[in-house]
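A short worksheet on the structure shown next.
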Amino acid sequence: MPRVRFAPSPTGFLHIGSARTYIFNWLYARHNRGTMVLRLDDTDVDRNSDASVTSIFEGLSWLGLDWDEQYRQSDRLALHRAAAQAIFDKGRAYRDFNLAAAAETTERSGAAGTSRHGPMRELPREESDRRAAAGEPFALRFRVPEVAGHVGFADAVYGEVSKAFEDIEDFALLRSDGMPTYHLANCADDADLRISHIIRGQEHLSNAFKHQLIFEALGAESPTFAHLPLLMAPDGMKLSKRVHGPVVSVTTYRDAGFLPAAFINFLCLLGWSPKNDREKLTREETVELFTLEGINRANAVVKFTDEEPFDPKALWLNAEHIRAMAPDDLARELVPFVGPASRPVPSTSDVGQASRPVPSTPDTPPQATLPADSLAGSSISRHDESPADPALLDKLRHITPLIQERMKLLRDVQTVADFFFADQLPPYDSAELIPKKGDAAMAKSVLVKAREVLATAEFTHDGLDAALRAASVELGIKAGQMFEPVRVAVCGRKTAPPLFGTLEVLGRETCLTRIAQAIEKL
Ligand code: GLU
């Protein structure tokens with residue numbers, strides 16, 4: 001059974017690229033009935049932040065994807081040191097007393113500009129032991145083979161890759177303060193946790209050669225690597241928070257009203273495609289179809305502009321997922337967007353800011369495995385702290401079927417259904433009340449008649465339909481000429497959801513008040 005892991009460093013908010021890495025690992029685990037491990041790579045104490053840990057858990061909680069085991073790398077320092085010791089004992093690492101300071105800076109960089117081997121590499125063991133025993137600080141460096149040769153592996157995405165030993169510097173395993181480097185901690189943990197597949201961003205491909213050397217020195221079987229293509233911005237640069245802002249943060253999508261299922265669907269298609277090239281996929285279908293072979297090497301572009309922050313495909317998928325939902329489930333999802341504590345529409349200054357309480361903390365046990373079909377429904381009922389106001393939820397249940405086809409984002413409820421919630425309609429131009437091929441006088445007689453028939457009509461879809469049609473016959477006008485002024489009177493605009501359902505939900509009293517106000521305008 002495969003064992004995969006998502007190993008974020010809690011040094012920033014949850015980036016959509018990290019979310020995609022999580023999703024691909026999760027899909028691989030679930031498709032193959034394997035184990036999903038969540039491991040916080042939190043050994044870099046200077047760069048870690050609690051806010052970042054919160055953002056990771058909050059993002060994963062919103063996505064509604066579970067995991068089976070959870071670790072913190074900082075709890076496992078003894079294991080990392082033991083691994084370093086084992087490598088040292090085999091003669092595959094050496095103490096570097098000179099370059100202790102440089103070790104920190106060259107850990108990840110590939111040590112451009114520094115010599116490949118430090119002068120300490122050939123220090124006799126007795127002298128090394130003596131200086132260490134005397135308390136002299138040192139970094140522990142991997143002894144990269146000096147012979148001609150290379151280290152390589154078959155990446156599940158990029159195929160055969162290799163790097164010559166001479167192009168790899170003697171990288172650090174332990175820093176001078178005794179802390180493990182990223183390379184050592186990762187490999188020691190991956191080996192100890194019996195990770196079978198390392199699925200992560202392509203930016204780590206160059207690290208994988210060092211990792212391969214460490215696994216080999218540890219005597220551990222090397223996992224299969226699958227590096228994921230980069231996410232790029234339309235400007236051709238790698239997607240980054242610093243350059244591209246909120247579009248890079250998972251919470252931006254959540255706060256704008258993406259459904260987790262649609263967002264996951266969108267992210268999956270950034271660098272992966274199912275054999276049949278289908279696009280709209282449920283979570284269950286994606287689990288079913290997901291294979292590493294379906295991952296492309298080409299970098300994936302997330303499209304956005306200053307005017308439209310979301311990729312058109314993401315919006316299209318979200319609309320499709322919204323349409324496919326049971327109206328009652330959708331009504332629950334809409335609650336946070338219309339309630340009194342309605343989520344603010346994020347502005348650029350909101351990047352990565354949590355706008356609601358943290359649903360789970362890192363110290364909670366891993367989420368229970370949810371049956372696949374429970375993942376398709378509402379996330380809000382699962383993650384929101386407080387239950388929805390029952391009256392609001394009931395109202396939304398009635399409104400939802402009228403607007404379901406008209407939304408791309410959940411927050412669109414604020415623009416397509418605003419008049420259901422307003423005590424007073426915002427001002428509109430009285431010319432809007434005039435029906436096609438009609439005039440102000442026709443508008444007025446329509447509204448006067450409507451007020452009369454709606455005072456007694458049965459307030460159901462069919463009752464309203466019959467009453468208003470009969471009224472148009474009585475007035476000798478087309479049905480459309482009857483409906484138009486009524487629609488504008490109750491909604492404040494011409495483009496609105498289907499009329500009879502709208503009247504029914506608004507109720508007799510509101511409709512009569514608004515029609516009376518419209519008559520006043522004419
Ligand atoms: N902590 C690393 C990161 O966040 C994980 C790298 C890996 O998956 O090996 O980039």
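Letters A, B, ... mark the chains of the structure tokens in the order given; residue numbers begin at 1 per chain; ligand numbers begin at 1, in order shown.
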Let me see if you get this right: every residue at most 9 Å from ligand 1, counting only C-alpha atoms and all ligand atoms, written as a VMD selection string. chain A and resid 5 to 11 18 21 39 to 42 182 to 183 186 to 187 190 198 to 201 203 to 204 207 to 208 211
When you look at Leu79 of chain A with a cut-off of 12 Å (counting only C-alpha atoms), what residues show up, excluding the ones that are within fewer than 3 positions of it in the same chain? I need them as number ranges by chain. A: 73-76, 82-86, 179-180, 184-193
Could you tell me which of A:Leu289, A:Arg130, A:Pro124, A:Phe88 comes closest to Ala172 of chain A if we count only C-alpha atoms?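 Among A:Leu289, A:Arg130, A:Pro124, A:Phe88, it is A:Phe88 that comes nearest to Ala172 of chain A.
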Distance in Å - atom CA of His117 of chain A versus atom CA of Ser222 of chain A: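 About the pair atom CA of His117 of chain A and atom CA of Ser222 of chain A: they are 24.9 Å apart.
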Residue contacts of Phe500 of chain A (7 Å, only C-alpha atoms) excluding same-chain residues fewer than 6 positions away, as a ChimeraX atom specification: /A:461,464-465
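Among the candidates A:Met482, A:Val248, A:Ala326, A:Ile214, the residue lying nearest to Lys90 of chain A is A:Ile214 (atoms considered: only C-alpha atoms).
We find atom CA of Arg72 of chain A and atom CA of Leu38 of chain A to be spaced 8.5 Å apart.
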Give me, as a PyMOL selection string, all polymer residues having an atom no more than 9 Å from Tyr428 of chain A, counting only C-alpha atoms and skipping those fewer than 6 positions away in the same chain. chain A and resi 488+492-493
Just N, CA, C and O atoms for this one: save the residues we selected as a compact mmCIF listing (two decimals), in the first residue's frame.
# COMPACT_ATOMS: atom_id res chain seq x y z
N VAL A 488 -39.72 44.76 -12.44
CA VAL A 488 -38.86 45.89 -12.04
C VAL A 488 -39.36 46.46 -10.70
O VAL A 488 -38.56 46.82 -9.82
N GLY A 492 -36.38 45.80 -8.66
CA GLY A 492 -35.57 47.01 -8.85
C GLY A 492 -34.76 46.98 -10.13
O GLY A 492 -33.96 47.87 -10.37
N ARG A 493 -34.95 45.96 -10.95
CA ARG A 493 -34.21 45.89 -12.22
C ARG A 493 -34.87 44.86 -13.14
O ARG A 493 -35.67 44.03 -12.69
Nearest to Glu126 of chain A, chosen from A:Phe290, A:Lys436, A:Arg95, A:Pro336, with only C-alpha atoms counted in the distances: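 Ranking A:Phe290, A:Lys436, A:Arg95, A:Pro336 by distance to Glu126 of chain A, first place goes to A:Arg95.
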Restrict the calculation to only C-alpha atoms, then for each residue of segment 128-222 of chain A with any atom at most 10 Å from an atom of segment 296-306 of chain A give the closest atom pair and their distance in Å to one decimal, rows by chain and rising residue number, as a Markdown table.
| residue | atom | partner | partner_atom | distance |
| --- | --- | --- | --- | --- |
| A:Val157 | CA | A:Arg297 | CA | 6.3 |
| A:Tyr158 | CA | A:Arg297 | CA | 6.3 |
| A:Gly159 | CA | A:Arg297 | CA | 9.6 |
| A:Gln202 | CA | A:Arg297 | CA | 9.3 |
